[in-house]
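Note: the block below is data-v1.cif and it holds mmCIF, C-alpha atoms and all ligand atoms.
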data_model
#
loop_
_atom_site.group_PDB
_atom_site.id
_atom_site.type_symbol
_atom_site.label_atom_id
_atom_site.label_comp_id
_atom_site.auth_asym_id
_atom_site.auth_seq_id
_atom_site.Cartn_x
_atom_site.Cartn_y
_atom_site.Cartn_z
ATOM 1 C CA MET A 1424 83.682 91.308 101.259
ATOM 2 C CA GLU A 1425 85.403 90.729 104.563
ATOM 3 C CA LEU A 1426 88.995 89.534 104.209
ATOM 4 C CA ARG A 1427 89.874 87.290 107.111
ATOM 5 C CA SER A 1428 93.563 86.436 107.241
ATOM 6 C CA ARG A 1429 93.196 84.008 110.166
ATOM 7 C CA THR A 1430 96.513 85.229 111.509
ATOM 8 C CA PRO A 1431 96.812 83.822 115.034
ATOM 9 C CA SER A 1432 96.455 86.330 117.860
ATOM 10 C CA GLY A 1433 98.982 87.186 120.570
ATOM 11 C CA PRO A 1434 102.533 88.554 120.531
ATOM 12 C CA ILE A 1435 103.943 88.138 117.012
ATOM 13 C CA GLN A 1436 107.040 86.253 118.216
ATOM 14 C CA ASP A 1437 104.865 83.489 119.667
ATOM 15 C CA ALA A 1438 101.686 83.638 117.558
ATOM 16 C CA TRP A 1439 102.490 80.853 115.078
ATOM 17 C CA ASP A 1440 104.370 78.643 117.567
ATOM 18 C CA LYS A 1441 101.332 78.832 119.854
ATOM 19 C CA ALA A 1442 98.939 78.120 116.967
ATOM 20 C CA ARG A 1443 100.997 75.067 115.960
ATOM 21 C CA PHE A 1444 101.134 73.830 119.542
ATOM 22 C CA GLU A 1445 97.353 74.093 119.849
ATOM 23 C CA MET A 1446 96.666 72.142 116.643
ATOM 24 C CA LYS A 1447 95.245 68.658 117.051
ATOM 25 C CA LEU A 1448 97.649 65.869 116.174
ATOM 26 C CA VAL A 1449 96.692 63.183 113.660
ATOM 27 C CA ASN A 1450 97.759 59.639 114.422
ATOM 28 C CA PRO A 1451 100.146 58.494 111.637
ATOM 29 C CA ALA A 1452 97.948 55.449 111.052
ATOM 30 C CA ASN A 1453 94.958 57.726 110.378
ATOM 31 C CA LYS A 1454 96.680 60.094 107.955
ATOM 32 C CA ARG A 1455 95.870 58.015 104.883
ATOM 33 C CA LYS A 1456 92.159 58.286 105.779
ATOM 34 C CA HIS A 1457 92.203 62.050 105.181
ATOM 35 C CA ARG A 1458 91.885 63.526 101.684
ATOM 36 C CA LEU A 1459 93.351 67.021 101.477
ATOM 37 C CA ILE A 1460 92.845 69.564 98.711
ATOM 38 C CA VAL A 1461 95.660 72.019 97.989
ATOM 39 C CA VAL A 1462 94.733 74.945 95.744
ATOM 40 C CA GLY A 1463 97.737 76.181 93.752
ATOM 41 C CA SER A 1464 100.795 74.409 92.393
ATOM 42 C CA GLY A 1465 103.409 77.144 92.822
ATOM 43 C CA LEU A 1466 106.191 76.751 95.358
ATOM 44 C CA ALA A 1467 103.780 77.120 98.282
ATOM 45 C CA GLY A 1468 101.134 74.707 97.005
ATOM 46 C CA ALA A 1469 103.482 72.186 95.416
ATOM 47 C CA SER A 1470 105.716 71.925 98.471
ATOM 48 C CA ALA A 1471 102.710 71.689 100.803
ATOM 49 C CA ALA A 1472 101.198 68.951 98.607
ATOM 50 C CA ALA A 1473 104.498 67.037 98.390
ATOM 51 C CA THR A 1474 105.120 67.261 102.130
ATOM 52 C CA LEU A 1475 101.564 66.263 103.051
ATOM 53 C CA GLY A 1476 101.752 63.374 100.578
ATOM 54 C CA GLU A 1477 105.030 62.266 102.135
ATOM 55 C CA LEU A 1478 103.367 62.321 105.552
ATOM 56 C CA GLY A 1479 100.770 59.850 104.273
ATOM 57 C CA TYR A 1480 97.729 62.010 103.491
ATOM 58 C CA GLN A 1481 95.815 61.583 100.237
ATOM 59 C CA VAL A 1482 96.412 64.870 98.468
ATOM 60 C CA SER A 1483 94.827 66.464 95.409
ATOM 61 C CA CYS A 1484 96.574 69.596 94.141
ATOM 62 C CA PHE A 1485 94.731 71.963 91.766
ATOM 63 C CA CYS A 1486 95.720 74.945 89.678
ATOM 64 C CA PHE A 1487 93.955 77.002 87.020
ATOM 65 C CA GLN A 1488 96.738 77.298 84.485
ATOM 66 C CA ASP A 1489 97.172 74.846 81.613
ATOM 67 C CA SER A 1490 100.097 73.242 83.447
ATOM 68 C CA PRO A 1491 100.996 73.101 87.157
ATOM 69 C CA ARG A 1492 104.396 74.471 86.171
ATOM 70 C CA ARG A 1493 102.936 77.740 84.866
ATOM 71 C CA ALA A 1494 102.714 79.222 88.377
ATOM 72 C CA HIS A 1495 104.436 82.548 89.095
ATOM 73 C CA SER A 1496 107.046 80.626 91.076
ATOM 74 C CA ILE A 1497 108.647 79.563 87.791
ATOM 75 C CA ALA A 1498 109.222 83.240 86.932
ATOM 76 C CA ALA A 1499 111.100 84.020 90.158
ATOM 77 C CA GLN A 1500 114.690 84.977 89.580
ATOM 78 C CA GLY A 1501 116.064 82.817 92.358
ATOM 79 C CA GLY A 1502 117.192 85.273 95.005
ATOM 80 C CA ILE A 1503 116.097 84.541 98.571
ATOM 81 C CA ASN A 1504 116.811 85.828 102.058
ATOM 82 C CA ALA A 1505 117.265 83.888 105.271
ATOM 83 C CA ALA A 1506 118.483 84.694 108.772
ATOM 84 C CA LYS A 1507 121.528 82.455 108.408
ATOM 85 C CA ASN A 1508 123.558 84.453 110.945
ATOM 86 C CA TYR A 1509 126.978 83.767 109.489
ATOM 87 C CA GLN A 1510 129.775 84.787 111.851
ATOM 88 C CA ASN A 1511 130.057 88.564 112.295
ATOM 89 C CA ASP A 1512 127.212 89.534 109.945
ATOM 90 C CA GLY A 1513 124.970 90.493 112.896
ATOM 91 C CA ASP A 1514 121.971 88.825 111.275
ATOM 92 C CA SER A 1515 118.945 87.693 113.242
ATOM 93 C CA VAL A 1516 115.313 86.668 112.830
ATOM 94 C CA TRP A 1517 114.306 90.049 114.217
ATOM 95 C CA ARG A 1518 116.474 91.934 111.668
ATOM 96 C CA LEU A 1519 115.092 89.940 108.736
ATOM 97 C CA PHE A 1520 111.574 90.486 110.090
ATOM 98 C CA TYR A 1521 112.111 94.250 110.420
ATOM 99 C CA ASP A 1522 113.758 94.517 106.996
ATOM 100 C CA THR A 1523 110.926 92.560 105.340
ATOM 101 C CA VAL A 1524 108.184 94.611 106.998
ATOM 102 C CA LYS A 1525 109.995 97.805 105.951
ATOM 103 C CA GLY A 1526 110.471 96.434 102.412
ATOM 104 C CA GLY A 1527 106.716 95.841 102.284
ATOM 105 C CA ASP A 1528 106.058 99.514 103.118
ATOM 106 C CA PHE A 1529 104.740 98.482 106.560
ATOM 107 C CA ARG A 1530 101.639 96.935 104.994
ATOM 108 C CA SER A 1531 102.390 93.246 105.637
ATOM 109 C CA ARG A 1532 100.717 90.984 108.162
ATOM 110 C CA GLU A 1533 103.444 91.154 110.756
ATOM 111 C CA ALA A 1534 102.890 87.821 112.530
ATOM 112 C CA ASN A 1535 103.137 86.083 109.158
ATOM 113 C CA VAL A 1536 106.302 87.990 108.242
ATOM 114 C CA TYR A 1537 107.802 87.017 111.592
ATOM 115 C CA ARG A 1538 107.013 83.367 110.854
ATOM 116 C CA LEU A 1539 108.640 83.712 107.430
ATOM 117 C CA ALA A 1540 111.809 85.103 109.055
ATOM 118 C CA GLN A 1541 111.740 82.406 111.743
ATOM 119 C CA ILE A 1542 111.613 79.495 109.296
ATOM 120 C CA SER A 1543 113.561 81.162 106.474
ATOM 121 C CA VAL A 1544 116.548 78.823 106.836
ATOM 122 C CA HIS A 1545 114.306 75.770 106.670
ATOM 123 C CA ILE A 1546 112.450 77.146 103.627
ATOM 124 C CA ILE A 1547 115.715 77.227 101.674
ATOM 125 C CA ASP A 1548 116.638 73.711 102.812
ATOM 126 C CA GLN A 1549 113.193 72.443 101.842
ATOM 127 C CA CYS A 1550 113.331 74.125 98.415
ATOM 128 C CA VAL A 1551 116.791 72.649 97.768
ATOM 129 C CA ALA A 1552 115.573 69.190 98.831
ATOM 130 C CA GLN A 1553 112.657 69.513 96.418
ATOM 131 C CA GLY A 1554 114.897 70.423 93.505
ATOM 132 C CA VAL A 1555 114.198 74.161 93.214
ATOM 133 C CA PRO A 1556 116.998 75.718 91.134
ATOM 134 C CA PHE A 1557 118.503 78.863 92.704
ATOM 135 C CA ALA A 1558 120.518 81.570 90.956
ATOM 136 C CA ARG A 1559 124.011 81.063 92.340
ATOM 137 C CA GLU A 1560 126.074 83.572 90.386
HETATM 138 C C1 LIG A 1601 109.231 87.812 87.492
HETATM 139 C C2 LIG A 1601 109.240 87.458 88.945
HETATM 140 C C3 LIG A 1601 110.470 87.374 89.635
HETATM 141 C C4 LIG A 1601 110.502 87.049 90.974
HETATM 142 N N1 LIG A 1601 111.723 86.921 91.598
HETATM 143 C C5 LIG A 1601 111.786 86.534 92.883
HETATM 144 C C6 LIG A 1601 113.046 86.296 93.525
HETATM 145 O O1 LIG A 1601 114.106 86.422 92.940
HETATM 146 N N2 LIG A 1601 113.036 85.942 94.831
HETATM 147 C C7 LIG A 1601 111.876 85.759 95.536
HETATM 148 O O2 LIG A 1601 111.941 85.412 96.721
HETATM 149 N N3 LIG A 1601 110.660 85.978 94.957
HETATM 150 C C8 LIG A 1601 110.585 86.344 93.667
HETATM 151 N N4 LIG A 1601 109.359 86.541 93.070
HETATM 152 C C9 LIG A 1601 108.165 86.333 93.872
HETATM 153 C C10 LIG A 1601 107.893 84.835 94.026
HETATM 154 O O3 LIG A 1601 108.015 84.203 92.774
HETATM 155 C C11 LIG A 1601 106.475 84.605 94.541
HETATM 156 O O4 LIG A 1601 106.277 85.323 95.745
HETATM 157 C C12 LIG A 1601 106.260 83.131 94.837
HETATM 158 O O5 LIG A 1601 106.648 82.345 93.733
HETATM 159 C C13 LIG A 1601 104.794 82.883 95.142
HETATM 160 O O6 LIG A 1601 104.634 81.488 95.281
HETATM 161 P P1 LIG A 1601 103.204 80.900 95.535
HETATM 162 O O7 LIG A 1601 103.345 79.396 95.496
HETATM 163 O O8 LIG A 1601 102.615 81.524 96.759
HETATM 164 O O9 LIG A 1601 102.302 81.448 94.330
HETATM 165 P P2 LIG A 1601 102.341 81.139 92.733
HETATM 166 O O10 LIG A 1601 103.656 80.571 92.292
HETATM 167 O O11 LIG A 1601 101.830 82.400 92.091
HETATM 168 O O12 LIG A 1601 101.261 80.004 92.596
HETATM 169 C C14 LIG A 1601 99.867 80.266 92.710
HETATM 170 C C15 LIG A 1601 99.138 79.019 92.258
HETATM 171 O O13 LIG A 1601 97.747 79.172 92.568
HETATM 172 C C16 LIG A 1601 96.982 78.766 91.447
HETATM 173 N N5 LIG A 1601 95.695 79.429 91.525
HETATM 174 C C17 LIG A 1601 95.453 80.759 91.706
HETATM 175 N N6 LIG A 1601 94.132 80.969 91.756
HETATM 176 C C18 LIG A 1601 93.552 79.761 91.641
HETATM 177 C C19 LIG A 1601 92.201 79.321 91.604
HETATM 178 N N7 LIG A 1601 91.189 80.190 91.741
HETATM 179 N N8 LIG A 1601 91.940 78.005 91.456
HETATM 180 C C20 LIG A 1601 92.971 77.111 91.338
HETATM 181 N N9 LIG A 1601 94.251 77.464 91.339
HETATM 182 C C21 LIG A 1601 94.537 78.777 91.494
HETATM 183 C C22 LIG A 1601 97.821 79.117 90.241
HETATM 184 O O14 LIG A 1601 97.440 78.338 89.139
HETATM 185 C C23 LIG A 1601 99.225 78.749 90.737
HETATM 186 O O15 LIG A 1601 99.460 77.366 90.551
HETATM 187 C C24 LIG A 1601 109.288 86.844 91.696
HETATM 188 C C25 LIG A 1601 108.063 86.929 91.021
HETATM 189 C C26 LIG A 1601 108.032 87.221 89.675
HETATM 190 C C27 LIG A 1601 106.693 87.281 88.972
#
Give the structure from the file, written as structure tokens.
Amino acid sequence: MELRSRTPSGPIQDAWDKARFEMKLVNPANKRKHRLIVVGSGLAGASAAATLGELGYQVSCFCFQDSPRRAHSIAAQGGINAAKNYQNDGDSVWRLFYDTVKGGDFRSREANVYRLAQISVHIIDQCVAQGVPFARE
């Protein structure tokens, strides 16, 4: 079986920005005419489904466990990293990217890891807005 990741081509810093820029826009009035299927109800699927629903699409979200809440996401301890760049900590998107690739034994899809580092701050904000409980102590 051929595994196709569909990672956009080009320099990793620009790959996903370029892919987003090249996507066709959907007129807000037409969004409700599209039915979207999201497979998976973990943090990735559930937040995608909620966001797409909020944008006006008709969304169906599927999972194969007995409850949508049985996804692995529920088991996560609640630690998360983001390139917040607090004063003097020398943090950056590039550092988080490098650290994550290294932590994955250099086997990750690098353009996707770069995107993760780039939007890491927003991921936390989105999770908080959607009621995800984080370990704070
Ligand atoms: C014990 C544990 C602790 C963790 N701690 C942390 C932590 O502290 N910090 C951190 O950042 N990460 C942590 N992780 C990792 C993190 O939880 C996962 O990377 C993340 O939750 C994955 O989210 P996801 O939405 O991509 O996948 P999942 O939450 O695994 O969701 C996958 C969904 O896809 C559905 N699905 C799969 N196959 C099919 C199919 N064929 N048809 C229909 N539905 C399907 C499943 O039913 C499920 O709803 C931890 C993981 C575990 C297991």
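The set of residues that the PyMOL selection byres (((chain A and resi 1455) around 12) and not hetatm) takes from this file is Val1449, Asn1450, Pro1451, Ala1452, Asn1453, Lys1454, Lys1456, His1457, Arg1458, Leu1459, Leu1475, Gly1476, Glu1477, Leu1478, Gly1479, Tyr1480, Gln1481 and Val1482 of chain A.
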Hey, which residues sit close to ligand LIG 1601 (chain A)? Say within 12 Å, counting all atoms listed in the file, and write them as a PDB file with C-alpha atoms, keeping the file's coordinate frame.
ATOM      1  CA  ILE A1460      92.845  69.564  98.711  1.00  0.00           C
ATOM      2  CA  VAL A1461      95.660  72.019  97.989  1.00  0.00           C
ATOM      3  CA  VAL A1462      94.733  74.945  95.744  1.00  0.00           C
ATOM      4  CA  GLY A1463      97.737  76.181  93.752  1.00  0.00           C
ATOM      5  CA  SER A1464     100.795  74.409  92.393  1.00  0.00           C
ATOM      6  CA  GLY A1465     103.409  77.144  92.822  1.00  0.00           C
ATOM      7  CA  LEU A1466     106.191  76.751  95.358  1.00  0.00           C
ATOM      8  CA  ALA A1467     103.780  77.120  98.282  1.00  0.00           C
ATOM      9  CA  GLY A1468     101.134  74.707  97.005  1.00  0.00           C
ATOM     10  CA  ALA A1469     103.482  72.186  95.416  1.00  0.00           C
ATOM     11  CA  SER A1470     105.716  71.925  98.471  1.00  0.00           C
ATOM     12  CA  ALA A1471     102.710  71.689 100.803  1.00  0.00           C
ATOM     13  CA  ALA A1472     101.198  68.951  98.607  1.00  0.00           C
ATOM     14  CA  SER A1483      94.827  66.464  95.409  1.00  0.00           C
ATOM     15  CA  CYS A1484      96.574  69.596  94.141  1.00  0.00           C
ATOM     16  CA  PHE A1485      94.731  71.963  91.766  1.00  0.00           C
ATOM     17  CA  CYS A1486      95.720  74.945  89.678  1.00  0.00           C
ATOM     18  CA  PHE A1487      93.955  77.002  87.020  1.00  0.00           C
ATOM     19  CA  GLN A1488      96.738  77.298  84.485  1.00  0.00           C
ATOM     20  CA  ASP A1489      97.172  74.846  81.613  1.00  0.00           C
ATOM     21  CA  SER A1490     100.097  73.242  83.447  1.00  0.00           C
ATOM     22  CA  PRO A1491     100.996  73.101  87.157  1.00  0.00           C
ATOM     23  CA  ARG A1492     104.396  74.471  86.171  1.00  0.00           C
ATOM     24  CA  ARG A1493     102.936  77.740  84.866  1.00  0.00           C
ATOM     25  CA  ALA A1494     102.714  79.222  88.377  1.00  0.00           C
ATOM     26  CA  HIS A1495     104.436  82.548  89.095  1.00  0.00           C
ATOM     27  CA  SER A1496     107.046  80.626  91.076  1.00  0.00           C
ATOM     28  CA  ILE A1497     108.647  79.563  87.791  1.00  0.00           C
ATOM     29  CA  ALA A1498     109.222  83.240  86.932  1.00  0.00           C
ATOM     30  CA  ALA A1499     111.100  84.020  90.158  1.00  0.00           C
ATOM     31  CA  GLN A1500     114.690  84.977  89.580  1.00  0.00           C
ATOM     32  CA  GLY A1501     116.064  82.817  92.358  1.00  0.00           C
ATOM     33  CA  GLY A1502     117.192  85.273  95.005  1.00  0.00           C
ATOM     34  CA  ILE A1503     116.097  84.541  98.571  1.00  0.00           C
ATOM     35  CA  ASN A1504     116.811  85.828 102.058  1.00  0.00           C
ATOM     36  CA  ALA A1505     117.265  83.888 105.271  1.00  0.00           C
ATOM     37  CA  THR A1523     110.926  92.560 105.340  1.00  0.00           C
ATOM     38  CA  LEU A1539     108.640  83.712 107.430  1.00  0.00           C
ATOM     39  CA  SER A1543     113.561  81.162 106.474  1.00  0.00           C
ATOM     40  CA  ILE A1546     112.450  77.146 103.627  1.00  0.00           C
ATOM     41  CA  ILE A1547     115.715  77.227 101.674  1.00  0.00           C
ATOM     42  CA  CYS A1550     113.331  74.125  98.415  1.00  0.00           C
ATOM     43  CA  VAL A1555     114.198  74.161  93.214  1.00  0.00           C
ATOM     44  CA  PRO A1556     116.998  75.718  91.134  1.00  0.00           C
ATOM     45  CA  PHE A1557     118.503  78.863  92.704  1.00  0.00           C
ATOM     46  CA  ALA A1558     120.518  81.570  90.956  1.00  0.00           C
ATOM     47  CA  ARG A1559     124.011  81.063  92.340  1.00  0.00           C
TER      48      ARG A1559
END
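With all atoms listed in the file as the basis for measurement, A:Gln1436 is the residue among A:Gln1510, A:Thr1474, A:Gln1436, A:Gln1553 that approaches Glu1533 (chain A) most closely.
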**OP:** May I ask which of the residues A:Ala1534, A:Phe1529, A:Lys1507, A:Leu1519 is the closest one to Asp1548 (chain A), counting only C-alpha atoms?
**Re:** A:Lys1507
Tell me which protein, DNA and RNA residues are within 10 Å of Ser1428 (chain A), counting only C-alpha atoms, leaving out same-chain ones fewer than 3 positions away, and put them as a compact mmCIF listing (two decimals) with C-alpha atoms, in the coordinates of the input.
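Saved as part23.txt:
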# COMPACT_ATOMS: atom_id res chain seq x y z
CA GLU A 1425 85.40 90.73 104.56
CA PRO A 1431 96.81 83.82 115.03
CA ARG A 1532 100.72 90.98 108.16
CA ASN A 1535 103.14 86.08 109.16
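Between Gly1554 (chain A) and the candidates A:Ala1473, A:Met1424, A:Val1516, A:Val1524, the tightest atom-to-atom separation, counting only C-alpha atoms, involves A:Ala1473.
Our summary of the geometry notes that CA of Thr1430 (chain A) is positioned 12.0 Å from CA of Arg1443 (chain A).
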Around all the atoms of region 1488-1500 of chain A listed in the file, draw an axis-aligned box and extend it by 3 Å on each of the six sides; I want its centre and edge lengths in Å to one decimal, as AutoDock Vina command-line options.
--center_x 105.7 --center_y 79.0 --center_z 86.3 --size_x 24.0 --size_y 17.9 --size_z 15.5
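Across A:Gly1527, A:Asn1511, A:Asp1440, A:Glu1560, the tightest approach to Gln1541 (chain A) is made by A:Asp1440 when counting all atoms listed in the file.
The space separating CA of Asp1437 (chain A) from CA of Ala1540 (chain A) comes to 12.8 Å.
The spacing separating CA of Arg1530 (chain A) from CA of Arg1429 (chain A) amounts to 16.3 Å.
Between Tyr1509 (chain A) and the residues A:Val1544, A:Ala1552, A:Ala1442, A:Val1536, the shortest atom-to-atom distance, using all atoms listed in the file, involves A:Val1544.
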Starting from the incomplete input, reconstruct N, CA and C atoms of region 1484-1504 of chain A and report them as an mmCIF file, keeping the file's coordinate frame.
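selection-v2.cif was written with the following content:
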data_model
loop_
_atom_site.group_PDB
_atom_site.id
_atom_site.type_symbol
_atom_site.label_atom_id
_atom_site.label_comp_id
_atom_site.auth_asym_id
_atom_site.auth_seq_id
_atom_site.Cartn_x
_atom_site.Cartn_y
_atom_site.Cartn_z
ATOM 1 N N CYS A 1484 96.045 68.237 94.292
ATOM 2 C CA CYS A 1484 96.574 69.596 94.141
ATOM 3 C C CYS A 1484 96.014 70.187 92.842
ATOM 4 N N PHE A 1485 95.382 71.363 92.937
ATOM 5 C CA PHE A 1485 94.731 71.963 91.766
ATOM 6 C C PHE A 1485 95.360 73.306 91.399
ATOM 7 N N CYS A 1486 95.322 73.609 90.113
ATOM 8 C CA CYS A 1486 95.720 74.945 89.678
ATOM 9 C C CYS A 1486 94.808 75.346 88.514
ATOM 10 N N PHE A 1487 94.843 76.620 88.118
ATOM 11 C CA PHE A 1487 93.955 77.002 87.020
ATOM 12 C C PHE A 1487 94.706 77.328 85.731
ATOM 13 N N GLN A 1488 96.037 77.117 85.753
ATOM 14 C CA GLN A 1488 96.738 77.298 84.485
ATOM 15 C C GLN A 1488 96.731 75.994 83.703
ATOM 16 N N ASP A 1489 97.216 76.064 82.426
ATOM 17 C CA ASP A 1489 97.172 74.846 81.613
ATOM 18 C C ASP A 1489 98.163 73.796 82.097
ATOM 19 N N SER A 1490 99.162 74.212 82.886
ATOM 20 C CA SER A 1490 100.097 73.242 83.447
ATOM 21 C C SER A 1490 100.438 73.681 84.871
ATOM 22 N N PRO A 1491 100.635 72.721 85.790
ATOM 23 C CA PRO A 1491 100.996 73.101 87.157
ATOM 24 C C PRO A 1491 102.284 73.901 87.205
ATOM 25 N N ARG A 1492 103.109 73.773 86.174
ATOM 26 C CA ARG A 1492 104.396 74.471 86.171
ATOM 27 C C ARG A 1492 104.284 75.912 85.697
ATOM 28 N N ARG A 1493 103.085 76.363 85.349
ATOM 29 C CA ARG A 1493 102.936 77.740 84.866
ATOM 30 C C ARG A 1493 102.731 78.732 86.006
ATOM 31 N N ALA A 1494 102.911 78.310 87.242
ATOM 32 C CA ALA A 1494 102.714 79.222 88.377
ATOM 33 C C ALA A 1494 103.774 80.337 88.334
ATOM 34 N N HIS A 1495 103.499 81.431 89.025
ATOM 35 C CA HIS A 1495 104.436 82.548 89.095
ATOM 36 C C HIS A 1495 105.796 82.113 89.616
ATOM 37 N N SER A 1496 105.789 81.080 90.462
ATOM 38 C CA SER A 1496 107.046 80.626 91.076
ATOM 39 C C SER A 1496 108.105 80.323 90.031
ATOM 40 N N ILE A 1497 107.689 79.891 88.852
ATOM 41 C CA ILE A 1497 108.647 79.563 87.791
ATOM 42 C C ILE A 1497 109.358 80.826 87.304
ATOM 43 N N ALA A 1498 108.654 81.986 87.431
ATOM 44 C CA ALA A 1498 109.222 83.240 86.932
ATOM 45 C C ALA A 1498 110.225 83.858 87.908
ATOM 46 N N ALA A 1499 110.231 83.401 89.152
ATOM 47 C CA ALA A 1499 111.100 84.020 90.158
ATOM 48 C C ALA A 1499 112.562 83.897 89.746
ATOM 49 N N GLN A 1500 113.310 84.932 90.055
ATOM 50 C CA GLN A 1500 114.690 84.977 89.580
ATOM 51 C C GLN A 1500 115.589 84.022 90.344
ATOM 52 N N GLY A 1501 115.271 83.783 91.592
ATOM 53 C CA GLY A 1501 116.064 82.817 92.358
ATOM 54 C C GLY A 1501 116.835 83.416 93.507
ATOM 55 N N GLY A 1502 116.572 84.678 93.819
ATOM 56 C CA GLY A 1502 117.192 85.273 95.005
ATOM 57 C C GLY A 1502 116.312 84.996 96.208
ATOM 58 N N ILE A 1503 116.903 84.808 97.369
ATOM 59 C CA ILE A 1503 116.097 84.541 98.571
ATOM 60 C C ILE A 1503 116.883 84.988 99.797
ATOM 61 N N ASN A 1504 116.164 85.400 100.827
ATOM 62 C CA ASN A 1504 116.811 85.828 102.058
ATOM 63 C C ASN A 1504 116.517 84.871 103.193
#
